Each structure stands twice: as C-alpha cells, then as structure tokens.
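What follows is a set of notes on a single structure, which appears directly below.
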Amino acid sequence: MALLVTGAAGFIGSNFLLDWLAQSDERVINLDALTYAGNLDNLASLQNDARHCFVKGDIGDFDLLSRLLADHQPRAVVNFAAESHVDRSIHGPEAFIQTNIVGTFRLLEAVRAYWSHLVGEAKNSFRFLHVSTDEVYGSLAQGEAAFTETTRYEPNSPYSASKAASDHLVRAYHHTYGLPALTTNCSNNYGPYHFPEKLIPLVIHNALAGKPLPIYGDGQQVRDWLYVTDHCSAIRCVLEAGRVGETYNIGGWNEKPNLEVVHTLCAILDELKPRIDGQPYLAQITYVADRPGHDRRYAIDAGKIERELGWKPAETFESGIRKTVQWYLDNQSWVHNVTSGAYKKWVGQQYGT
Ligand code: NAD
Ligand code: TYD
C-alpha cells in the first residue's frame, strides 16, 4: 500500500508526511518541484527511511505522473502542491495559473487514467484528496456568518481564483468521470517549517533580526488560525472516512485580527528571547501600505467535519502559537538556510536545475 503526496516538501505537506510516518508504515511517494517554498531540510529526519520516496518533479508533467502511478500503484493521491502566497500572486500570477490550474488539471488527467484501469476493491477504495483553502469563499463582513461548504465561491486574489478553479476541476472530475475525489478547504495554518514570507513566521524572523514588523493597512483584517498538525489530522480523517464527492471545511474557530496576532508574538518573544536593549518587540511594528484587494475577514464553520467525522483540533491558539515561537527559536539554522540562498544553490547542484 502506498500514498502519492504532492508538494510534501512544503510547509503543510512536510508536516503531513512527518505525522503520517509517525503513525503508519504505509509508504509515501512525495512528488515536489522544490520551488523556493519546497525544502528537503523539512524531511531531514526521513533521509534513510525506506517508507519515503522523494521524486523531484512537476504536477503538470503528465508522463512523469503516469509513470509514478503505474510503478507505485498508490491507493490514494493527496494534492498539496501549489503556489500559495497571495502577495506573490499579485506580483506574478502566471505561476499560480500554471501550477494551481494547469498543474491540477494534468494531475487529474493522469489520476483519472490510472484509476479507470483499476478493478474491484482497488478501484472502489481509491481516493483523490485535493487540499484547498477558505480563501476561495472571498471576504466576510464583520458579524457575517462563517463560511460553510455551501457558501458561494467569490475569490478575490489571483491565488484564491486559481485555487477556486482547481476546486471546480476536481468537482467536475467527480461529477463527470466518477473520480472518487474529496476537497478540503482550510483556514490559515501556522507552525513549524512555515516559510518566512507569511505573516507569523515573517514576524518572528524579522523580530529576531531587529527588522520592522510590517502591518498592512490598519491591521484589523481577521484570519482564522489553525495549528498545522490539526490540519494534518483533519486530512487523515477525510481520507479515511470522508464521503466521496464531498467538500469539508477545516478550521479551529480561532478568529484573530492581524494586529492581535502580532502583539501575541511580540509578548511571547519578550518572554522567551528578550531584546538585548530591554525594549519590547512591539517597538518594531511598522504600518505599511495595504495589500491590493485585501480580504477583510475569513472565518470557517467547521461543523460538518466535526459532526460527520468526529474531528476536533488538539491545539488552542495559545498553545499552538507558543509551540511555534519555540520551534523557530530552536531552529534558527533552518530559517537561515531557507532565507540565505544556500538551499537554492544546493538544489541546483543536486538536481541540475
Ligand atoms: P507551500 O508554498 O509551503 O508549499 C507548496 C509545495 O508545493 C512546495 O513544496 C513546492 O515546492 C511545491 N510545488 C509548487 N509548485 C509545484 C508543482 N508545479 N509541482 C510539484 N510541486 C510543486 O504551501 P503550503 O502552505 O504548504 O500549502 C499547501 C497546500 O495547502 C496548498 O495547496 C495551499 O493552497 C493549501 N492551503 C494552505 C494554507 C496555509 O495557510 N498555508 C491554508 C489552507 C490551504
Ligand atoms: P498571509 O500570512 O500572507 O496569509 P493570507 O494572505 O493567505 O491570509 O497574511 C495573513 C494576514 O496578514 C493577511 O491579512 C495579510 C497580513 N500581512 C501583514 O499585515 N503583513 C505582512 O507582512 C504579511 C506577509 C501579511
């Protein structure tokens, strides 16, 4: 038995892989293009583990995918691979269209061909799980009810539009071809191995480096935060027991304005790693121009996955954020590596790209 997991050198995928192999001996084939966001350091503990098979490649490569599926005969495919950063999608949407839309399409084509040749129990039990985001639902006003699985899609950024398109393709492959697909739409994640371009790791990194902590606009935009391993446990639940063709929202009922998140990070850092000059890290907060088209509020209603699959997050925001800060303090060499360019150079040498 094996799983094919795409994008498992990235933030959530690598956490998923580490969690998976901590509780199962089922082999995982990890297909990842190793973009700036993919980092094999995240999986260093699996270096000599025969259960992990890493393949550097693109989800848009139909021939490679067909070969991997034929060789490894996975019982499921979990698709994490994506371009994932909203700000990058504003500066350069092309890569988002290529990976998130065209890439998902090619992946679906390869998986459809593989699945259609399976027979009996192998065919019945096969699953394609597509990992998506709450950002496809657009922006909520203050006081408006949280997103449910029936909320209308209203994506506002090139990132969320490309994820919305991929969700629609997955839906169509289920309805048209019967592909046993499931989609999860999760809120903002945080935790170990988060690339320091997103709010939480960026603030920790900049705080420790004595750099400004940039707050877009008034800092009152609301995100719904979930500790990454809780997202991973939800995906495992959906993979094992989710109803085929359904979508599941995943979230921790943890809405926070950005400024509050940054204040919390500063307070934990003041306690765990005080500034040499005795000043609070809050002094580094800097208000900067707002993100164009900035969504005001996201909030997930996770009632369906809780009721149907009995899933519940294990971490509160308070426990998860403390663990996260501690992880970054304990893993400064990881941060240095992913920000220094040394990793990119190594990938170039290792893979000739
Ligand atoms: P990430 O950017 O950290 O990692 C993405 C991974 O995909 C990287 O390892 C990258 O090398 C790989 N990749 C990119 N393009 C590829 C391609 N064409 N072929 C193969 N691999 C490719 O992203 P993440 O935060 O771990 O997000 C993973 C998934 O979860 C994404 O689909 C994202 O939309 C979704 N999601 C993320 C969040 C969040 O808060 N980060 C929340 C909800 C959903
Ligand atoms: P981010 O981590 O990029 O996730 P997303 O845009 O997918 O929700 O941003 C989280 C929130 O933090 C979002 O409202 C934008 C804001 N933000 C800042 O205020 N400053 C920053 O430097 C960054 C990266 C984000």
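Residue names in the structure tokens use chain letters A, B, ... in the order shown, residue numbers from 1 in each chain, and ligand numbers from 1 in the order shown.
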
Give me the chain A side of the contact with ligand 2, cut-off 8 Å, one line per residue showing its nearest atom pair and distance in Å at one decimal, counting only C-alpha atoms and all ligand atoms, sorted by chain and residue number, as JSON lines.
```
{"residue": "A:Ser84", "atom": "CA", "partner": "ligand 2", "partner_atom_place_in_ligand_line": "7 (O)", "distance": 7.5}
{"residue": "A:His85", "atom": "CA", "partner": "ligand 2", "partner_atom_place_in_ligand_line": "3 (O)", "distance": 6.0}
{"residue": "A:Val86", "atom": "CA", "partner": "ligand 2", "partner_atom_place_in_ligand_line": "6 (O)", "distance": 5.3}
{"residue": "A:Asp87", "atom": "CA", "partner": "ligand 2", "partner_atom_place_in_ligand_line": "3 (O)", "distance": 6.6}
{"residue": "A:Glu135", "atom": "CA", "partner": "ligand 2", "partner_atom_place_in_ligand_line": "7 (O)", "distance": 7.3}
{"residue": "A:Asn188", "atom": "CA", "partner": "ligand 2", "partner_atom_place_in_ligand_line": "8 (O)", "distance": 6.1}
{"residue": "A:Glu197", "atom": "CA", "partner": "ligand 2", "partner_atom_place_in_ligand_line": "24 (C)", "distance": 5.6}
{"residue": "A:Lys198", "atom": "CA", "partner": "ligand 2", "partner_atom_place_in_ligand_line": "2 (O)", "distance": 3.6}
{"residue": "A:Leu199", "atom": "CA", "partner": "ligand 2", "partner_atom_place_in_ligand_line": "2 (O)", "distance": 3.8}
{"residue": "A:Ile200", "atom": "CA", "partner": "ligand 2", "partner_atom_place_in_ligand_line": "2 (O)", "distance": 6.4}
{"residue": "A:Leu202", "atom": "CA", "partner": "ligand 2", "partner_atom_place_in_ligand_line": "24 (C)", "distance": 6.6}
{"residue": "A:Val203", "atom": "CA", "partner": "ligand 2", "partner_atom_place_in_ligand_line": "22 (O)", "distance": 7.4}
{"residue": "A:Leu213", "atom": "CA", "partner": "ligand 2", "partner_atom_place_in_ligand_line": "22 (O)", "distance": 7.0}
{"residue": "A:Pro214", "atom": "CA", "partner": "ligand 2", "partner_atom_place_in_ligand_line": "22 (O)", "distance": 4.7}
{"residue": "A:Ile215", "atom": "CA", "partner": "ligand 2", "partner_atom_place_in_ligand_line": "19 (O)", "distance": 3.8}
{"residue": "A:Tyr216", "atom": "CA", "partner": "ligand 2", "partner_atom_place_in_ligand_line": "19 (O)", "distance": 3.8}
{"residue": "A:Gly217", "atom": "CA", "partner": "ligand 2", "partner_atom_place_in_ligand_line": "19 (O)", "distance": 7.1}
{"residue": "A:Gly219", "atom": "CA", "partner": "ligand 2", "partner_atom_place_in_ligand_line": "19 (O)", "distance": 5.9}
{"residue": "A:Gln221", "atom": "CA", "partner": "ligand 2", "partner_atom_place_in_ligand_line": "14 (O)", "distance": 5.2}
{"residue": "A:Val222", "atom": "CA", "partner": "ligand 2", "partner_atom_place_in_ligand_line": "14 (O)", "distance": 6.5}
{"residue": "A:Arg223", "atom": "CA", "partner": "ligand 2", "partner_atom_place_in_ligand_line": "8 (O)", "distance": 6.2}
{"residue": "A:Asn258", "atom": "CA", "partner": "ligand 2", "partner_atom_place_in_ligand_line": "12 (O)", "distance": 5.6}
{"residue": "A:Leu259", "atom": "CA", "partner": "ligand 2", "partner_atom_place_in_ligand_line": "19 (O)", "distance": 7.8}
{"residue": "A:Asp290", "atom": "CA", "partner": "ligand 2", "partner_atom_place_in_ligand_line": "19 (O)", "distance": 7.7}
{"residue": "A:Arg291", "atom": "CA", "partner": "ligand 2", "partner_atom_place_in_ligand_line": "15 (C)", "distance": 7.2}
{"residue": "A:His294", "atom": "CA", "partner": "ligand 2", "partner_atom_place_in_ligand_line": "14 (O)", "distance": 6.8}
{"residue": "A:Asp295", "atom": "CA", "partner": "ligand 2", "partner_atom_place_in_ligand_line": "14 (O)", "distance": 6.9}
{"residue": "A:Arg296", "atom": "CA", "partner": "ligand 2", "partner_atom_place_in_ligand_line": "14 (O)", "distance": 7.1}
{"residue": "A:Arg297", "atom": "CA", "partner": "ligand 2", "partner_atom_place_in_ligand_line": "14 (O)", "distance": 7.9}
```

* To do: Could the residues that lie within 7 Å of ligand 1, counting only C-alpha atoms and all ligand atoms, be listed as a VMD selection string?
  => chain A and resid 6 to 13 31 to 39 57 to 60 79 to 85 99 103 131 to 134 163 185 to 190 194 to 195

* Check the DSSP output for the backbone and give back, as an MDAnalysis selection string, the residues of range 34-264 of chain A in alpha helix (DSSP H). => chainID A and resid 62:72 86:91 94:96 104:116 120:125 158:177 199:208 228:241 258:264

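Residues with any atom within 8 Å of Thr183 in chain A, counting only C-alpha atoms and excluding same-chain neighbours fewer than 4 positions away, are Leu129, His130, Val131, Ser132, Asp167, Val170, Gly245, Glu246, Thr247 and Tyr248 of chain A.
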
Take the residues from that selection and write them out as a PDB file, in the first residue's frame, keeping all heavy atoms.
```
ATOM      1  N   LEU A 129      -7.570  13.241  -2.918  1.00  0.00           N
ATOM      2  CA  LEU A 129      -7.913  14.311  -1.960  1.00  0.00           C
ATOM      3  C   LEU A 129      -7.181  15.597  -2.366  1.00  0.00           C
ATOM      4  O   LEU A 129      -5.955  15.634  -2.444  1.00  0.00           O
ATOM      5  CB  LEU A 129      -7.530  13.901  -0.541  1.00  0.00           C
ATOM      6  CG  LEU A 129      -8.137  14.770   0.555  1.00  0.00           C
ATOM      7  CD1 LEU A 129      -8.246  14.004   1.866  1.00  0.00           C
ATOM      8  CD2 LEU A 129      -7.360  16.054   0.811  1.00  0.00           C
ATOM      9  N   HIS A 130      -7.973  16.614  -2.623  1.00  0.00           N
ATOM     10  CA  HIS A 130      -7.442  17.908  -3.050  1.00  0.00           C
ATOM     11  C   HIS A 130      -7.463  18.873  -1.869  1.00  0.00           C
ATOM     12  O   HIS A 130      -8.524  19.112  -1.276  1.00  0.00           O
ATOM     13  CB  HIS A 130      -8.315  18.427  -4.187  1.00  0.00           C
ATOM     14  CG  HIS A 130      -7.909  19.773  -4.703  1.00  0.00           C
ATOM     15  ND1 HIS A 130      -6.672  20.018  -5.279  1.00  0.00           N
ATOM     16  CD2 HIS A 130      -8.583  20.949  -4.744  1.00  0.00           C
ATOM     17  CE1 HIS A 130      -6.610  21.289  -5.642  1.00  0.00           C
ATOM     18  NE2 HIS A 130      -7.743  21.879  -5.324  1.00  0.00           N
ATOM     19  N   VAL A 131      -6.290  19.428  -1.546  1.00  0.00           N
ATOM     20  CA  VAL A 131      -6.166  20.317  -0.386  1.00  0.00           C
ATOM     21  C   VAL A 131      -6.367  21.763  -0.857  1.00  0.00           C
ATOM     22  O   VAL A 131      -5.587  22.267  -1.664  1.00  0.00           O
ATOM     23  CB  VAL A 131      -4.778  20.155   0.260  1.00  0.00           C
ATOM     24  CG1 VAL A 131      -4.636  21.096   1.452  1.00  0.00           C
ATOM     25  CG2 VAL A 131      -4.550  18.706   0.688  1.00  0.00           C
ATOM     26  N   SER A 132      -7.406  22.412  -0.349  1.00  0.00           N
ATOM     27  CA  SER A 132      -7.665  23.787  -0.764  1.00  0.00           C
ATOM     28  C   SER A 132      -7.839  24.707   0.444  1.00  0.00           C
ATOM     29  O   SER A 132      -7.555  24.326   1.578  1.00  0.00           O
ATOM     30  CB  SER A 132      -8.869  23.841  -1.708  1.00  0.00           C
ATOM     31  OG  SER A 132      -8.933  25.118  -2.322  1.00  0.00           O
ATOM     32  N   ASP A 167     -10.438  23.741  -7.546  1.00  0.00           N
ATOM     33  CA  ASP A 167     -11.535  23.061  -6.829  1.00  0.00           C
ATOM     34  C   ASP A 167     -12.649  22.683  -7.806  1.00  0.00           C
ATOM     35  O   ASP A 167     -13.233  21.596  -7.723  1.00  0.00           O
ATOM     36  CB  ASP A 167     -12.146  23.977  -5.751  1.00  0.00           C
ATOM     37  CG  ASP A 167     -11.177  24.287  -4.610  1.00  0.00           C
ATOM     38  OD1 ASP A 167      -9.993  23.909  -4.698  1.00  0.00           O
ATOM     39  OD2 ASP A 167     -11.617  24.926  -3.628  1.00  0.00           O
ATOM     40  N   VAL A 170     -11.701  19.647  -9.819  1.00  0.00           N
ATOM     41  CA  VAL A 170     -11.828  18.416  -9.024  1.00  0.00           C
ATOM     42  C   VAL A 170     -13.303  18.012  -8.948  1.00  0.00           C
ATOM     43  O   VAL A 170     -13.669  16.848  -9.149  1.00  0.00           O
ATOM     44  CB  VAL A 170     -11.234  18.622  -7.610  1.00  0.00           C
ATOM     45  CG1 VAL A 170     -11.523  17.426  -6.720  1.00  0.00           C
ATOM     46  CG2 VAL A 170      -9.725  18.878  -7.703  1.00  0.00           C
ATOM     47  N   GLY A 245     -16.893  12.801  -3.165  1.00  0.00           N
ATOM     48  CA  GLY A 245     -17.615  13.875  -3.854  1.00  0.00           C
ATOM     49  C   GLY A 245     -17.928  15.055  -2.957  1.00  0.00           C
ATOM     50  O   GLY A 245     -18.391  16.095  -3.437  1.00  0.00           O
ATOM     51  N   GLU A 246     -17.645  14.916  -1.650  1.00  0.00           N
ATOM     52  CA  GLU A 246     -17.977  15.996  -0.705  1.00  0.00           C
ATOM     53  C   GLU A 246     -16.794  16.957  -0.522  1.00  0.00           C
ATOM     54  O   GLU A 246     -15.642  16.629  -0.831  1.00  0.00           O
ATOM     55  CB  GLU A 246     -18.309  15.406   0.666  1.00  0.00           C
ATOM     56  CG  GLU A 246     -19.591  14.608   0.695  1.00  0.00           C
ATOM     57  CD  GLU A 246     -20.829  15.489   0.579  1.00  0.00           C
ATOM     58  OE1 GLU A 246     -20.899  16.515   1.271  1.00  0.00           O
ATOM     59  OE2 GLU A 246     -21.724  15.132  -0.208  1.00  0.00           O
ATOM     60  N   THR A 247     -17.111  18.132  -0.010  1.00  0.00           N
ATOM     61  CA  THR A 247     -16.069  19.056   0.427  1.00  0.00           C
ATOM     62  C   THR A 247     -16.210  19.233   1.943  1.00  0.00           C
ATOM     63  O   THR A 247     -17.321  19.147   2.480  1.00  0.00           O
ATOM     64  CB  THR A 247     -16.172  20.429  -0.267  1.00  0.00           C
ATOM     65  OG1 THR A 247     -17.348  21.085   0.207  1.00  0.00           O
ATOM     66  CG2 THR A 247     -16.244  20.285  -1.779  1.00  0.00           C
ATOM     67  N   TYR A 248     -15.080  19.438   2.603  1.00  0.00           N
ATOM     68  CA  TYR A 248     -15.073  19.615   4.058  1.00  0.00           C
ATOM     69  C   TYR A 248     -14.298  20.878   4.429  1.00  0.00           C
ATOM     70  O   TYR A 248     -13.133  21.023   4.030  1.00  0.00           O
ATOM     71  CB  TYR A 248     -14.418  18.408   4.748  1.00  0.00           C
ATOM     72  CG  TYR A 248     -15.253  17.144   4.639  1.00  0.00           C
ATOM     73  CD1 TYR A 248     -15.091  16.283   3.553  1.00  0.00           C
ATOM     74  CD2 TYR A 248     -16.219  16.839   5.591  1.00  0.00           C
ATOM     75  CE1 TYR A 248     -15.874  15.138   3.433  1.00  0.00           C
ATOM     76  CE2 TYR A 248     -17.010  15.699   5.477  1.00  0.00           C
ATOM     77  CZ  TYR A 248     -16.825  14.856   4.395  1.00  0.00           C
ATOM     78  OH  TYR A 248     -17.608  13.722   4.273  1.00  0.00           O
TER      79      TYR A 248
END
```

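If you count only C-alpha atoms and ignore residues fewer than 6 places along the chain from Leu239 in chain A, what sits within 9 Å of it is Ala76, Val78, Arg127, Phe128, Leu129 and Leu182 of chain A.
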
* Secondary structure check, strand (DSSP E) residues of range 72-199 of chain A, as a PyMOL selection string -> chain A and resi 76-79+127-133+181-186+188-190

Write the selection just made, keeping N, CA and C atoms, as an mmCIF file, in the first residue's frame?
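Here's the written file selection22.cif:
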```
data_model
loop_
_atom_site.group_PDB
_atom_site.id
_atom_site.type_symbol
_atom_site.label_atom_id
_atom_site.label_comp_id
_atom_site.auth_asym_id
_atom_site.auth_seq_id
_atom_site.Cartn_x
_atom_site.Cartn_y
_atom_site.Cartn_z
ATOM 1 N N ALA A 76 -4.168 6.094 -2.856
ATOM 2 C CA ALA A 76 -4.730 7.455 -2.776
ATOM 3 C C ALA A 76 -3.693 8.465 -3.238
ATOM 4 N N VAL A 77 -4.192 9.610 -3.704
ATOM 5 C CA VAL A 77 -3.333 10.745 -4.045
ATOM 6 C C VAL A 77 -3.802 11.935 -3.202
ATOM 7 N N VAL A 78 -2.863 12.594 -2.541
ATOM 8 C CA VAL A 78 -3.204 13.799 -1.772
ATOM 9 C C VAL A 78 -2.450 14.961 -2.405
ATOM 10 N N ASN A 79 -3.190 15.973 -2.857
ATOM 11 C CA ASN A 79 -2.576 17.067 -3.614
ATOM 12 C C ASN A 79 -2.398 18.340 -2.787
ATOM 13 N N ARG A 127 -8.866 6.983 -3.574
ATOM 14 C CA ARG A 127 -9.303 8.348 -3.259
ATOM 15 C C ARG A 127 -8.328 9.373 -3.836
ATOM 16 N N PHE A 128 -8.902 10.496 -4.306
ATOM 17 C CA PHE A 128 -8.106 11.667 -4.689
ATOM 18 C C PHE A 128 -8.512 12.790 -3.744
ATOM 19 N N LEU A 129 -7.570 13.241 -2.918
ATOM 20 C CA LEU A 129 -7.913 14.311 -1.960
ATOM 21 C C LEU A 129 -7.181 15.597 -2.366
ATOM 22 N N HIS A 130 -7.973 16.614 -2.623
ATOM 23 C CA HIS A 130 -7.442 17.908 -3.050
ATOM 24 C C HIS A 130 -7.463 18.873 -1.869
ATOM 25 N N VAL A 131 -6.290 19.428 -1.546
ATOM 26 C CA VAL A 131 -6.166 20.317 -0.386
ATOM 27 C C VAL A 131 -6.367 21.763 -0.857
ATOM 28 N N SER A 132 -7.406 22.412 -0.349
ATOM 29 C CA SER A 132 -7.665 23.787 -0.764
ATOM 30 C C SER A 132 -7.839 24.707 0.444
ATOM 31 N N THR A 133 -8.305 25.881 0.164
ATOM 32 C CA THR A 133 -8.249 26.973 1.142
ATOM 33 C C THR A 133 -9.621 27.625 1.347
ATOM 34 N N ALA A 181 -13.243 11.709 -5.641
ATOM 35 C CA ALA A 181 -12.482 12.868 -5.161
ATOM 36 C C ALA A 181 -13.126 13.484 -3.924
ATOM 37 N N LEU A 182 -12.286 14.109 -3.119
ATOM 38 C CA LEU A 182 -12.718 14.869 -1.934
ATOM 39 C C LEU A 182 -11.922 16.161 -1.923
ATOM 40 N N THR A 183 -12.539 17.227 -1.428
ATOM 41 C CA THR A 183 -11.820 18.506 -1.332
ATOM 42 C C THR A 183 -11.925 19.027 0.091
ATOM 43 N N THR A 184 -10.800 19.545 0.607
ATOM 44 C CA THR A 184 -10.836 20.190 1.923
ATOM 45 C C THR A 184 -10.508 21.670 1.747
ATOM 46 N N ASN A 185 -11.220 22.518 2.464
ATOM 47 C CA ASN A 185 -10.982 23.971 2.430
ATOM 48 C C ASN A 185 -10.631 24.411 3.844
ATOM 49 N N CYS A 186 -9.358 24.716 4.036
ATOM 50 C CA CYS A 186 -8.881 25.008 5.394
ATOM 51 C C CYS A 186 -8.564 26.486 5.570
ATOM 52 N N ASN A 188 -6.269 29.619 7.659
ATOM 53 C CA ASN A 188 -4.818 29.887 7.728
ATOM 54 C C ASN A 188 -4.117 28.955 8.712
ATOM 55 N N ASN A 189 -3.056 28.323 8.255
ATOM 56 C CA ASN A 189 -2.252 27.441 9.107
ATOM 57 C C ASN A 189 -1.044 28.184 9.665
ATOM 58 N N TYR A 190 -0.507 27.671 10.760
ATOM 59 C CA TYR A 190 0.768 28.164 11.278
ATOM 60 C C TYR A 190 1.435 27.012 12.011
#
```

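Straight-line separation from CA of Val261 in chain A to CA of Ala146 in chain A: 19.6 Å.
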
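Nearest residue to Lys312 in chain A, choosing from A:Arg243, A:Lys123, A:His263, A:His231 and counting only C-alpha atoms: A:His231.
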
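If you look at CA of Cys266 in chain A and CA of Pro201 in chain A, they are 12.1 Å away from each other.
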
* Proximity to Ile101 in chain A - best of A:Ala165, A:Tyr114, A:Ser66, A:Gly252, only C-alpha atoms -> A:Ala165

* Structure fact -> Across A:Glu149, A:Asp49, A:Asp25, A:Glu154, the smallest distance to Asp301 in chain A, with only C-alpha atoms counted, is shown by A:Glu149
